[in-house]
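Containing mmCIF, C-alpha atoms and all ligand atoms: start.cif.
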data_model
loop_
_atom_site.label_atom_id
_atom_site.label_comp_id
_atom_site.auth_asym_id
_atom_site.auth_seq_id
_atom_site.Cartn_x
_atom_site.Cartn_y
_atom_site.Cartn_z
CA MET A 1 -2.29 -20.27 8.53
CA GLY A 2 -2.82 -21.66 5.00
CA GLU A 3 0.01 -22.62 2.73
CA THR A 4 3.48 -21.83 4.07
CA ARG A 5 7.07 -21.99 2.88
CA TYR A 6 10.17 -22.85 4.94
CA LEU A 7 12.66 -19.94 5.28
CA CYS A 8 15.35 -20.91 7.79
CA ARG A 9 16.03 -22.07 11.32
CA ALA A 10 15.00 -19.50 13.91
CA LEU A 11 18.51 -19.74 15.34
CA ASP A 12 19.92 -18.47 12.03
CA ILE A 13 18.78 -14.92 12.85
CA GLY A 14 20.68 -13.69 15.90
CA GLU A 15 19.63 -10.83 18.18
CA GLY A 16 19.90 -7.54 16.29
CA GLU A 17 20.35 -9.26 12.92
CA ALA A 18 18.40 -9.03 9.67
CA LYS A 19 18.43 -11.34 6.65
CA GLY A 20 16.70 -11.41 3.28
CA PHE A 21 14.94 -14.45 1.74
CA GLY A 22 13.48 -15.07 -1.67
CA PRO A 23 11.74 -13.67 -3.63
CA ILE A 24 9.45 -16.61 -2.84
CA ASP A 25 7.17 -18.28 -5.41
CA GLY A 26 7.17 -15.51 -8.00
CA ALA A 27 6.73 -12.63 -5.51
CA ARG A 28 8.45 -9.47 -6.70
CA ARG A 29 10.25 -8.69 -3.45
CA LYS A 30 12.16 -10.56 -0.80
CA VAL A 31 11.11 -11.17 2.80
CA ILE A 32 13.23 -9.60 5.54
CA LEU A 33 13.50 -11.47 8.84
CA VAL A 34 14.75 -9.36 11.73
CA ARG A 35 15.16 -10.15 15.43
CA ARG A 36 14.92 -7.54 18.15
CA GLY A 37 14.34 -8.10 21.88
CA GLY A 38 14.24 -11.80 21.11
CA VAL A 39 11.21 -11.40 18.82
CA LEU A 40 11.48 -12.47 15.19
CA ARG A 41 9.51 -10.37 12.70
CA GLY A 42 8.91 -10.46 8.96
CA TRP A 43 8.74 -7.43 6.66
CA LEU A 44 8.51 -7.15 2.90
CA ASP A 45 11.70 -5.83 1.27
CA ALA A 46 9.79 -2.99 -0.41
CA CYS A 47 10.39 0.65 0.50
CA PRO A 48 7.12 2.65 0.44
CA HIS A 49 8.85 5.82 -0.89
CA TYR A 50 7.85 4.80 -4.43
CA SER A 51 4.52 3.08 -4.89
CA THR A 52 6.12 0.15 -6.70
CA GLY A 53 8.02 -0.69 -3.49
CA THR A 54 11.75 -0.88 -4.21
CA PRO A 55 14.42 -3.15 -2.65
CA MET A 56 16.08 -1.67 0.42
CA ALA A 57 19.41 -3.41 1.07
CA TRP A 58 22.77 -1.98 -0.03
CA LYS A 59 24.07 -5.52 -0.42
CA THR A 60 22.92 -9.05 0.46
CA ASP A 61 21.34 -8.89 3.96
CA GLY A 62 22.40 -5.21 4.35
CA TYR A 63 19.09 -3.95 5.79
CA LEU A 64 20.16 -2.12 8.95
CA ASN A 65 21.61 1.35 9.55
CA GLY A 66 25.12 1.81 10.94
CA GLU A 67 23.89 1.86 14.56
CA ARG A 68 21.83 -1.30 13.89
CA THR A 69 18.78 0.38 15.44
CA HIS A 70 16.51 0.57 12.37
CA LEU A 71 15.65 -1.17 9.15
CA THR A 72 16.96 1.14 6.44
CA CYS A 73 16.21 1.80 2.80
CA HIS A 74 19.62 2.30 1.21
CA SER A 75 18.11 4.24 -1.71
CA HIS A 76 17.56 7.51 0.16
CA GLY A 77 18.28 6.51 3.75
CA ALA A 78 14.75 6.11 5.12
CA LEU A 79 14.72 4.59 8.62
CA PHE A 80 11.98 2.19 9.75
CA GLU A 81 11.18 0.99 13.26
CA ILE A 82 11.98 -2.70 13.53
CA GLU A 83 8.90 -3.38 15.70
CA THR A 84 6.25 -1.41 13.78
CA GLY A 85 7.70 -0.93 10.28
CA GLU A 86 6.92 2.78 10.53
CA CYS A 87 9.21 5.19 8.69
CA VAL A 88 10.55 7.63 11.30
CA LEU A 89 13.07 9.52 9.14
CA GLY A 90 13.41 10.11 5.42
CA PRO A 91 11.28 10.50 2.29
CA CYS A 92 8.43 8.15 3.30
CA LEU A 93 7.99 9.59 6.81
CA GLY A 94 4.89 8.13 8.47
CA GLN A 95 4.40 5.34 5.93
CA ARG A 96 4.90 1.71 6.84
CA LEU A 97 6.61 -1.39 5.56
CA THR A 98 4.30 -4.29 4.71
CA ALA A 99 4.23 -6.92 7.45
CA VAL A 100 4.81 -10.52 6.38
CA ALA A 101 3.16 -13.24 8.49
CA ILE A 102 5.66 -15.79 9.77
CA SER A 103 5.45 -18.70 12.19
CA VAL A 104 8.05 -20.67 14.10
CA SER A 105 7.44 -24.41 14.57
CA GLU A 106 8.16 -26.31 17.78
CA GLU A 107 11.31 -27.59 16.10
CA GLY A 108 12.48 -24.02 15.58
CA ASP A 109 11.85 -23.77 11.84
CA VAL A 110 10.61 -20.45 10.41
CA PHE A 111 7.80 -20.51 7.85
CA VAL A 112 6.28 -17.68 5.84
CA ALA A 113 2.58 -17.58 4.94
CA LEU A 114 1.80 -17.57 1.21
CA PRO A 115 1.24 -15.66 -0.89
CA VAL A 116 3.86 -13.01 -0.06
CA GLU A 117 2.32 -9.82 -1.40
CA GLU A 118 2.52 -6.08 -1.28
CA LYS A 119 -0.41 -4.01 -0.15
CA SER A 120 -2.45 -2.97 -3.16
CA LYS A 121 -1.23 0.40 -4.33
CA SER A 122 -3.20 2.68 -6.56
CA ASP A 123 -0.98 5.62 -7.48
CA ASN A 124 1.96 5.65 -9.97
CA MET B 1 33.98 31.61 -14.01
CA ASN B 2 35.46 28.47 -15.44
CA ILE B 3 33.80 25.83 -13.29
CA ILE B 4 34.58 22.34 -14.59
CA GLY B 5 32.45 20.11 -12.39
CA PRO B 6 32.57 18.17 -9.13
CA ASP B 7 36.08 17.17 -7.96
CA TYR B 8 34.80 15.47 -4.79
CA LEU B 9 31.57 14.79 -2.96
CA VAL B 10 31.95 14.63 0.82
CA PHE B 11 29.72 12.40 2.98
CA GLY B 12 29.28 11.96 6.72
CA VAL B 13 28.26 8.31 7.01
CA ASP B 14 26.91 6.19 9.87
CA ASP B 15 28.80 3.05 8.82
CA VAL B 16 32.37 3.81 7.77
CA ALA B 17 33.39 0.16 7.35
CA ALA B 18 30.43 -0.58 5.07
CA SER B 19 31.11 2.56 3.04
CA ILE B 20 34.78 1.65 2.60
CA GLU B 21 33.81 -1.82 1.42
CA TYR B 22 31.20 -0.39 -0.96
CA LEU B 23 33.34 2.34 -2.53
CA THR B 24 36.21 -0.06 -3.08
CA ALA B 25 33.95 -2.68 -4.70
CA TRP B 26 32.49 0.12 -6.88
CA GLY B 27 35.91 0.45 -8.47
CA LEU B 28 37.34 3.48 -6.66
CA LYS B 29 40.90 3.55 -5.32
CA PRO B 30 41.28 4.18 -1.56
CA VAL B 31 43.86 6.92 -0.92
CA ASP B 32 45.11 7.29 2.67
CA VAL B 33 42.00 5.53 3.92
CA THR B 34 41.86 4.53 7.60
CA GLU B 35 39.00 3.29 9.78
CA LYS B 36 38.04 6.97 10.06
CA GLY B 37 37.47 7.24 6.29
CA GLY B 38 39.38 8.98 3.53
CA ILE B 39 39.40 9.64 -0.20
CA PHE B 40 38.22 7.22 -2.91
CA GLU B 41 39.50 8.16 -6.35
CA THR B 42 38.42 7.54 -9.91
CA LEU B 43 41.07 7.22 -12.61
CA ASP B 44 41.36 11.00 -13.03
CA GLY B 45 41.58 11.72 -9.29
CA THR B 46 38.03 12.98 -8.73
CA GLY B 47 35.91 10.97 -6.31
CA ILE B 48 34.28 10.57 -2.91
CA ILE B 49 35.44 11.58 0.56
CA ILE B 50 33.86 9.87 3.58
CA ARG B 51 34.15 10.33 7.34
CA HIS B 52 31.98 9.22 10.23
CA LYS B 53 29.02 11.56 10.67
CA ALA B 54 30.28 12.59 14.14
CA ASP B 55 33.73 13.57 12.79
CA PRO B 56 34.30 17.26 13.61
CA MET B 57 36.41 17.69 10.45
CA LEU B 58 33.24 17.46 8.35
CA PRO B 59 31.23 20.48 7.24
CA PRO B 60 27.88 20.68 9.11
CA PRO B 61 25.06 18.30 8.07
CA LEU B 62 21.94 19.26 6.16
CA PRO B 63 18.82 19.58 8.36
CA THR B 64 17.56 16.32 6.79
CA SER B 65 18.72 12.71 7.15
CA ASN B 66 20.81 13.03 3.96
CA MET B 67 24.51 12.23 4.42
CA LEU B 68 25.92 14.64 1.80
CA ARG B 69 28.13 17.20 3.56
CA GLN B 70 29.87 19.15 0.81
CA GLN B 71 30.21 19.39 -2.96
CA VAL B 72 33.75 20.31 -3.98
CA TYR B 73 33.87 21.96 -7.41
CA GLY B 74 36.99 22.14 -9.53
CA VAL B 75 37.72 25.35 -11.46
CA ARG B 76 40.43 26.10 -14.03
CA SER B 77 42.54 28.68 -12.20
CA ALA B 78 42.98 30.89 -9.14
CA GLU B 79 41.36 33.78 -11.05
CA ASP B 80 38.15 31.78 -11.22
CA LEU B 81 38.18 31.45 -7.43
CA ASP B 82 38.62 35.24 -7.16
CA ALA B 83 35.69 35.77 -9.52
CA ILE B 84 33.45 33.44 -7.52
CA GLU B 85 34.48 35.11 -4.26
CA ALA B 86 33.77 38.55 -5.71
CA GLU B 87 30.34 37.48 -6.99
CA LEU B 88 29.14 35.57 -3.94
CA GLY B 89 30.92 37.62 -1.27
CA THR B 90 28.30 40.33 -1.78
CA ASP B 91 25.49 38.46 -0.02
CA ARG B 92 27.00 35.62 2.04
CA ARG B 93 30.05 34.56 3.96
CA VAL B 94 32.84 33.23 1.76
CA THR B 95 35.70 31.60 3.65
CA ARG B 96 39.14 31.56 2.07
CA LEU B 97 41.18 28.50 3.15
CA SER B 98 44.98 28.42 3.40
CA ASP B 99 45.27 26.43 0.16
CA GLY B 100 43.41 29.19 -1.71
CA SER B 101 40.12 27.30 -2.02
CA ILE B 102 36.88 28.96 -0.91
CA GLU B 103 33.90 27.65 1.02
CA LEU B 104 30.33 28.93 1.08
CA LYS B 105 26.71 27.83 1.12
CA ASP B 106 24.31 27.89 -1.83
CA ASP B 107 20.82 29.38 -1.48
CA HIS B 108 19.37 26.08 -0.21
CA GLY B 109 22.09 25.68 2.42
CA PHE B 110 24.16 23.06 0.55
CA GLU B 111 27.83 23.40 1.52
CA LEU B 112 30.07 24.16 -1.47
CA LYS B 113 33.80 24.38 -1.91
CA PHE B 114 35.62 25.67 -4.96
CA GLN B 115 39.24 24.79 -5.70
CA VAL B 116 41.64 24.76 -8.62
CA THR B 117 40.75 21.33 -9.97
CA ILE B 118 42.77 18.34 -8.88
CA ARG B 119 41.68 16.23 -11.86
CA ARG B 120 44.42 14.65 -13.94
CA GLU B 121 44.08 14.63 -17.70
CA LEU B 122 43.09 11.17 -18.94
CA ASP B 123 44.53 9.68 -22.09
CA MET B 124 42.72 6.44 -22.81
CA PRO B 125 40.50 5.20 -25.65
CA ALA B 126 36.70 5.17 -25.57
CA GLU B 127 34.89 1.93 -26.22
CA LYS B 128 35.44 1.11 -29.90
CA ILE B 129 32.71 -0.29 -32.09
CA ASN B 130 32.55 -1.72 -35.59
CA ALA B 131 29.55 -1.11 -37.85
CA PRO B 132 28.86 -1.65 -41.55
CA GLY B 133 29.22 1.56 -43.53
CA ALA B 134 31.64 3.14 -41.10
CA PRO B 135 35.40 2.70 -40.75
CA ALA B 136 36.19 -0.11 -38.31
CA GLN B 137 37.25 1.25 -34.93
CA ARG B 138 38.99 -1.97 -33.91
CA ARG B 139 41.86 -3.31 -35.99
CA PRO B 140 41.75 -6.86 -37.36
CA ASN B 141 42.28 -9.29 -34.46
CA GLU B 142 41.52 -6.63 -31.84
CA ILE B 143 38.79 -8.15 -29.66
CA GLY B 144 35.95 -6.18 -28.05
CA VAL B 145 35.39 -7.99 -24.75
CA TRP B 146 37.24 -10.41 -22.52
CA GLU B 147 36.52 -11.80 -19.07
CA GLU B 148 39.05 -9.70 -17.17
CA MET B 149 38.54 -6.50 -19.17
CA PRO B 150 38.99 -3.33 -17.13
CA ALA B 151 35.79 -1.45 -16.21
CA LEU B 152 36.69 1.28 -13.73
CA PRO B 153 35.03 4.66 -13.16
CA ARG B 154 37.05 7.23 -15.10
CA THR B 155 35.77 10.43 -13.54
CA LEU B 156 33.05 11.82 -11.30
CA SER B 157 30.31 12.80 -13.74
CA HIS B 158 27.35 14.47 -12.04
CA VAL B 159 25.38 14.97 -8.89
CA VAL B 160 21.60 15.10 -8.55
CA LEU B 161 20.04 17.07 -5.73
CA PHE B 162 16.62 16.96 -4.13
CA VAL B 163 15.69 20.64 -3.67
CA PRO B 164 12.47 22.24 -2.44
CA ASP B 165 12.61 25.24 -4.80
CA LEU B 166 13.72 24.83 -8.43
CA ASP B 167 13.71 28.57 -9.09
CA VAL B 168 16.01 29.31 -6.20
CA ALA B 169 18.38 26.50 -7.19
CA THR B 170 18.44 27.36 -10.90
CA LYS B 171 18.92 31.09 -10.30
CA PHE B 172 21.84 30.50 -7.97
CA TYR B 173 23.76 28.16 -10.27
CA CYS B 174 22.89 29.91 -13.57
CA ASP B 175 22.78 33.59 -12.64
CA ARG B 176 25.55 33.60 -10.04
CA LEU B 177 27.86 30.81 -11.23
CA GLY B 178 27.32 30.72 -14.98
CA PHE B 179 25.79 27.25 -15.36
CA VAL B 180 23.63 26.67 -18.47
CA ILE B 181 20.34 24.73 -18.68
CA THR B 182 20.67 22.00 -21.32
CA ASP B 183 17.23 20.34 -20.99
CA VAL B 184 14.26 20.35 -18.63
CA LEU B 185 12.14 17.47 -17.35
CA THR B 186 9.02 19.32 -16.24
CA GLY B 187 7.76 17.93 -12.97
CA ALA B 188 11.29 16.99 -11.96
CA GLY B 189 13.71 19.78 -12.92
CA PRO B 190 16.48 21.13 -15.14
CA PHE B 191 19.80 19.61 -16.29
CA LEU B 192 22.74 21.99 -15.88
CA ARG B 193 26.26 22.13 -17.20
CA PRO B 194 28.93 24.55 -16.00
CA LYS B 195 30.73 26.81 -18.47
CA ALA B 196 34.01 24.92 -18.60
CA ASN B 197 32.45 21.50 -19.23
CA ASP B 198 30.64 20.38 -22.39
CA ASP B 199 28.96 17.35 -20.77
CA HIS B 200 25.13 17.43 -21.04
CA HIS B 201 24.93 17.72 -17.26
CA THR B 202 27.05 17.78 -14.15
CA LEU B 203 24.06 18.81 -12.04
CA PHE B 204 20.35 17.99 -12.06
CA PHE B 205 17.62 19.07 -9.67
CA ILE B 206 14.53 17.18 -8.59
CA ARG B 207 11.85 19.12 -6.72
CA THR B 208 10.90 17.49 -3.41
CA PRO B 209 9.55 18.52 -0.03
CA GLU B 210 12.00 20.32 2.28
CA TYR B 211 12.48 17.25 4.50
CA MET B 212 14.04 15.32 1.59
CA LYS B 213 16.65 17.96 0.72
CA GLY B 214 19.93 16.26 -0.16
CA CYS B 215 21.69 14.10 -2.71
CA GLU B 216 19.54 11.71 -4.78
CA HIS B 217 22.43 10.21 -6.71
CA LEU B 218 25.90 10.76 -8.02
CA ALA B 219 27.37 9.29 -11.17
CA PHE B 220 30.66 8.20 -12.67
CA HIS B 221 31.59 8.13 -16.35
CA MET B 222 32.65 4.74 -17.69
CA GLY B 223 34.53 4.08 -20.96
CA GLY B 224 31.37 3.00 -22.80
CA PRO B 225 28.15 1.00 -22.47
CA THR B 226 30.01 -2.32 -22.39
CA GLU B 227 32.21 -1.22 -19.50
CA LEU B 228 29.09 0.04 -17.73
CA MET B 229 27.34 -3.30 -18.05
CA VAL B 230 30.44 -5.30 -17.16
CA ALA B 231 31.07 -3.17 -14.05
CA GLY B 232 27.40 -3.38 -13.02
CA THR B 233 27.23 -7.13 -13.56
CA ARG B 234 30.36 -7.67 -11.47
CA PHE B 235 28.86 -5.46 -8.75
CA VAL B 236 25.59 -7.42 -8.65
CA LYS B 237 27.49 -10.71 -8.54
CA LYS B 238 29.26 -9.48 -5.41
CA GLY B 239 25.84 -9.03 -3.78
CA TYR B 240 25.20 -5.30 -4.25
CA GLN B 241 21.66 -4.14 -4.98
CA SER B 242 20.62 -2.81 -8.39
CA PHE B 243 17.96 -0.09 -8.22
CA TRP B 244 17.30 0.97 -11.83
CA GLY B 245 18.88 -0.14 -15.07
CA PRO B 246 20.84 -0.84 -17.07
CA GLY B 247 19.23 1.45 -19.61
CA ARG B 248 19.81 4.58 -21.66
CA HIS B 249 18.42 7.99 -20.80
CA LYS B 250 16.85 10.20 -23.47
CA PHE B 251 18.07 13.62 -22.28
CA GLY B 252 21.85 13.42 -22.25
CA SER B 253 21.77 10.08 -24.15
CA ASN B 254 23.84 8.53 -21.39
CA TRP B 255 23.63 4.87 -20.50
CA PHE B 256 22.80 4.39 -16.82
CA TRP B 257 22.76 1.81 -14.06
CA TYR B 258 21.80 2.85 -10.52
CA PHE B 259 22.57 1.00 -7.27
CA ASN B 260 21.64 1.37 -3.60
CA SER B 261 24.45 2.41 -1.26
CA PRO B 262 25.31 2.79 2.44
CA LEU B 263 25.87 6.53 1.77
CA GLY B 264 22.13 7.25 1.75
CA CYS B 265 21.88 7.95 -1.99
CA HIS B 266 22.13 6.08 -5.27
CA PHE B 267 25.38 5.47 -7.11
CA GLU B 268 25.25 5.48 -10.91
CA TYR B 269 27.57 4.17 -13.59
CA ASP B 270 27.03 6.27 -16.73
CA ALA B 271 28.52 6.18 -20.22
CA ASP B 272 28.46 7.98 -23.56
CA MET B 273 26.80 11.25 -22.55
CA ASP B 274 26.02 13.97 -25.12
CA LYS B 275 28.26 17.04 -25.41
CA HIS B 276 26.87 20.54 -25.94
CA ASP B 277 27.99 24.06 -26.72
CA ASP B 278 26.28 27.41 -26.33
CA THR B 279 24.35 27.06 -29.61
CA TRP B 280 22.24 24.25 -28.08
CA ILE B 281 18.59 25.10 -27.37
CA ALA B 282 17.19 23.37 -24.29
CA ARG B 283 14.39 20.88 -24.85
CA GLU B 284 11.54 20.26 -22.46
CA ALA B 285 9.55 17.09 -21.76
CA PRO B 286 7.20 16.08 -18.97
CA MET B 287 8.92 13.80 -16.45
CA GLY B 288 7.78 10.21 -16.74
CA ALA B 289 8.90 6.72 -17.67
CA GLU B 290 8.77 7.46 -21.43
CA ALA B 291 10.71 10.73 -21.30
CA SER B 292 13.23 9.35 -18.88
CA GLN B 293 14.67 6.48 -20.93
CA ILE B 294 14.85 5.15 -24.48
CA VAL B 295 15.43 1.57 -23.26
CA LEU B 296 15.39 -0.15 -19.88
CA PHE B 297 16.63 -3.62 -18.99
CA GLU B 298 16.89 -5.65 -15.84
CA MET B 299 19.79 -7.94 -15.11
CA ARG B 300 19.22 -11.68 -14.96
CA GLU B 301 21.50 -14.55 -14.18
CA LYS B 302 23.66 -15.67 -17.09
CA TRP B 303 21.94 -18.28 -19.23
CA ALA B 304 22.51 -19.75 -22.67
CA PRO B 305 20.30 -21.64 -25.09
CA THR B 306 22.00 -24.88 -26.06
CA GLY B 307 20.87 -27.63 -28.42
CA GLY B 308 18.40 -28.73 -25.77
CA PRO B 309 17.52 -32.32 -24.92
CA PRO B 310 16.57 -34.66 -27.78
CA PRO B 311 12.80 -34.84 -28.40
CA GLY B 312 11.10 -37.00 -25.81
CA ALA B 313 13.99 -36.97 -23.31
CA LYS B 314 13.28 -36.02 -19.71
CA GLY B 315 14.25 -32.57 -18.39
S1 LIG C 1 13.30 4.48 -2.28
FE1 LIG C 1 13.49 4.04 -0.14
S2 LIG C 1 13.98 5.98 0.70
FE2 LIG C 1 13.68 6.45 -1.41
FE FE C 2 22.37 10.43 -13.36
#
Would you write out, as C-alpha cells, the structure that this file holds?
Ligand code: FES
Ligand SMILES: [Fe+2]
Amino acid sequence: MGETRYLCRALDIGEGEAKGFGPIDGARRKVILVRRGGVLRGWLDACPHYSTGTPMAWKTDGYLNGERTHLTCHSHGALFEIETGECVLGPCLGQRLTAVAISVSEEGDVFVALPVEEKSKSDN
Amino acid sequence: MNIIGPDYLVFGVDDVAASIEYLTAWGLKPVDVTEKGGIFETLDGTGIIIRHKADPMLPPPLPTSNMLRQQVYGVRSAEDLDAIEAELGTDRRVTRLSDGSIELKDDHGFELKFQVTIRRELDMPAEKINAPGAPAQRRPNEIGVWEEMPALPRTLSHVVLFVPDLDVATKFYCDRLGFVITDVLTGAGPFLRPKANDDHHTLFFIRTPEYMKGCEHLAFHMGGPTELMVAGTRFVKKGYQSFWGPGRHKFGSNWFWYFNSPLGCHFEYDADMDKHDDTWIAREAPMGAEASQIVLFEMREKWAPTGGPPPGAKG
C-alpha cells in the first residue's frame, strides 16, 4: 500500500457496528468502516443511486437499517450487503458501493489507502 | 370536492426509536408517542404517524421497499367525503370508518384516507423584511434574528411520489379528485394543487421504474427563509445529514432544504411558496439543475473574517 491515513483503533468498531470517517484529504465523501463476522471492511459513503454518489447516513454514524443487517442509504432506503457492497433492495438494485482499501497494523490501528476516490462515473 | 391537502402521512418503519428521535429533532411535537410509535405534530396539528412495519394496525405496505403506508387527506366537510365516496365508489372499494372518514387506494395502489381536516387555524406572522422603497415590516427596535428564535414546522406542506405512470397518476388526482396542474417539469412530472388550497403544490410526481414506487420526500412549511435556514443549521449541528440545499426552487418559488431520514425518504423544510388561483396557466420546463432551482447553497461551519494577523506574523 502507498500513502495511508490513520482512521481509528480497530477495537473502536464493535461487531455489527458502522462508523463514518472524514472526508479525508479533500475527498468529497466519507469512509464507512463496518464490522461483520469479525471482519472490518471499508466502503465509500456514496450511494450509487445518483451518479454523483450522495451521503447515506441519516445522522452521524447512522449507516445501518433497523435490523442492523445491511448498510442503508437513508435517502430512499436502498439496502447494501455489508460483505459485498451490492444493493439488494431499492432504487440502485444490482449496483455496488465503492470499496475502500484499509489495513490494520499489528498494533491494531486502522489505516485507509490514499487517495480515497469514487469510481469514475460518466453519466449525469 | 374541497380537498385541502395532507393532514398526516403514515409510515411503517424498521427503527421506531431512531424515527422518534429524528421526528422530534426535526421540530415536531410527539403526541401520545410510545415505543410503538405515534403522532408527530406540526404547529397546526398536521404531521407524521409512525408505527413499526410489523404493526398490524398499519395499512398494507407498498410492493416496494418504501415505508410510506398511507396518505391522509383533509377535506373541508362531511359533504366532501360523500362526494369522494360517490365518485370513487363506482370503480373501487371505498371503506367508511366509524369516524366518518373513508379509505381507498389510488390507481397506483397508494393507500389514501380522506377525513374532515384536523388542522387548526394558525394565527402567527410571516417572516418580516425591511427593504428600501417599501414600508418597513418590522417596527423600530424590532430585531430580525436572535440565537433562540423559534423555527418550527408550521404545517405539512406537500408530498412527492415516485410513480411508474404519470398519466395514470395525473388522471386520477385531476379527473377524479379535482386537483389542478400548476406547472410541469418534463422528464420528472407535474406539480398539483387540490381545489381548496392555493399553495403551488401539495403533490408532485416523479416518474420512476415500478420497483421504486413510493414517497421521495415530504415537506413542511416554515415561517420564512430565515426560519428554514436556522432550523436546518440546528439540525445539521445535531448530526443529521443534509442532502440538498439550502436553495430556492424556480417552480413554486419555495425555499428548500432536504435531509436524509430513517423513514426511507427525504424530509424537506420549505418556505415562501407561491399561491395560485384558477386563472394561472401552467408552465413547462425540462427537468434539470437549471430549471430546478434559482440558487443553491451548501452549509459550511460558521466562520468570520476578523482583522487578521498583523503583516508578517505567523499563522
Ligand atoms: S440516493 Fe441512495 S437510495 Fe436514492
Ligand atoms: Fe418539495
Taking all atoms listed in the file into account, which residues have an atom no farther than 9 Å from ligand FE 2 (chain C)? I'd like them as a PyMOL selection string. chain B and resi 157-160+201-204+217-220+249+254+256-258+267-270
What residues of the protein or nucleic acid chains come within 7 Å of ligand LIG 1 (chain C) when you use only C-alpha atoms and all ligand atoms? Reply as a PyMOL selection string. chain A and resi 47-50+54+56+73-78+90-92
Preceding selection exported with C-alpha atoms as a PDB file, keeping the file's coordinate frame:
ATOM      1  CA  CYS A  47      10.390   0.650   0.500  1.00  0.00           C
ATOM      2  CA  PRO A  48       7.120   2.650   0.440  1.00  0.00           C
ATOM      3  CA  HIS A  49       8.850   5.820  -0.890  1.00  0.00           C
ATOM      4  CA  TYR A  50       7.850   4.800  -4.430  1.00  0.00           C
ATOM      5  CA  THR A  54      11.750  -0.880  -4.210  1.00  0.00           C
ATOM      6  CA  MET A  56      16.080  -1.670   0.420  1.00  0.00           C
ATOM      7  CA  CYS A  73      16.210   1.800   2.800  1.00  0.00           C
ATOM      8  CA  HIS A  74      19.620   2.300   1.210  1.00  0.00           C
ATOM      9  CA  SER A  75      18.110   4.240  -1.710  1.00  0.00           C
ATOM     10  CA  HIS A  76      17.560   7.510   0.160  1.00  0.00           C
ATOM     11  CA  GLY A  77      18.280   6.510   3.750  1.00  0.00           C
ATOM     12  CA  ALA A  78      14.750   6.110   5.120  1.00  0.00           C
ATOM     13  CA  GLY A  90      13.410  10.110   5.420  1.00  0.00           C
ATOM     14  CA  PRO A  91      11.280  10.500   2.290  1.00  0.00           C
ATOM     15  CA  CYS A  92       8.430   8.150   3.300  1.00  0.00           C
TER      16      CYS A  92
END
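Using all atoms listed in the file for every distance, the candidate list B:Ser65, B:Phe297, B:Glu21, B:Arg96 yields B:Ser65 as the residue closest to Leu89 in chain A.
The two atoms in question, CA of Ile84 in chain B and CA of Asp198 in chain B, are spaced 20.0 Å apart.
All residues of protein, DNA or RNA that reach within 7 Å of Ala27 in chain A, judged by all atoms listed in the file and not counting those fewer than 2 positions away in the chain, are Pro23, Ile24, Asp25, Arg29, Val116 and Glu117 of chain A.
Reported to one decimal place, the separation of CA of Leu177 in chain B from CA of Pro194 in chain B is 7.9 Å.
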Show me, as a short mmCIF file (atom, residue, chain, number, x, y, z; two decimals) with C-alpha atoms, in the frame of the given file, the residues that have an atom within 9 Å of Arg154 in chain B when counting all atoms listed in the file, minus same-chain residues fewer than 2 positions from it.
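Okay, around.cif is ready:
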data_model
loop_
_atom_site.label_atom_id
_atom_site.label_comp_id
_atom_site.auth_asym_id
_atom_site.auth_seq_id
_atom_site.Cartn_x
_atom_site.Cartn_y
_atom_site.Cartn_z
CA THR B 42 38.42 7.54 -9.91
CA LEU B 43 41.07 7.22 -12.61
CA ASP B 44 41.36 11.00 -13.03
CA GLY B 45 41.58 11.72 -9.29
CA THR B 46 38.03 12.98 -8.73
CA LEU B 122 43.09 11.17 -18.94
CA ALA B 151 35.79 -1.45 -16.21
CA LEU B 152 36.69 1.28 -13.73
CA LEU B 156 33.05 11.82 -11.30
CA SER B 157 30.31 12.80 -13.74
CA PHE B 220 30.66 8.20 -12.67
CA HIS B 221 31.59 8.13 -16.35
CA MET B 222 32.65 4.74 -17.69
CA GLY B 223 34.53 4.08 -20.96
#
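Proximity to Pro246 in chain B at 12 Å, evaluated using all atoms listed in the file and with sequence-adjacent residues fewer than 6 positions away removed, yields Pro225, Thr226, Glu227, Leu228, Met229, Val230, Ala231, Gly232, Thr233, Val236, Asn254, Trp255, Phe256, Trp257, Tyr258, Phe259, Glu268, Tyr269, Asp270, Ala271, Gln293, Ile294, Val295, Leu296, Phe297, Glu298, Met299 and Arg300 of chain B.
Going from CA of Thr52 in chain A over to CA of Gly85 in chain A, you cover 17.1 Å.
For the set B:Asp15, B:Glu35, B:Glu87, B:Glu147, the residue with the smallest atom-to-atom gap to chain A is B:Asp15, counting only C-alpha atoms.
The smallest atom-to-atom distance between Leu97 in chain B and any of B:Lys53, B:Arg176, B:Lys113, B:Lys302, using only C-alpha atoms, is found for B:Lys113.
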Write out as a VMD selection string each polymer residue whose atoms come within 9 Å of Cys87 in chain A, counting all atoms listed in the file; drop sequence neighbours fewer than 5 positions from it. chain A and resid 48 78 to 81 92 to 97
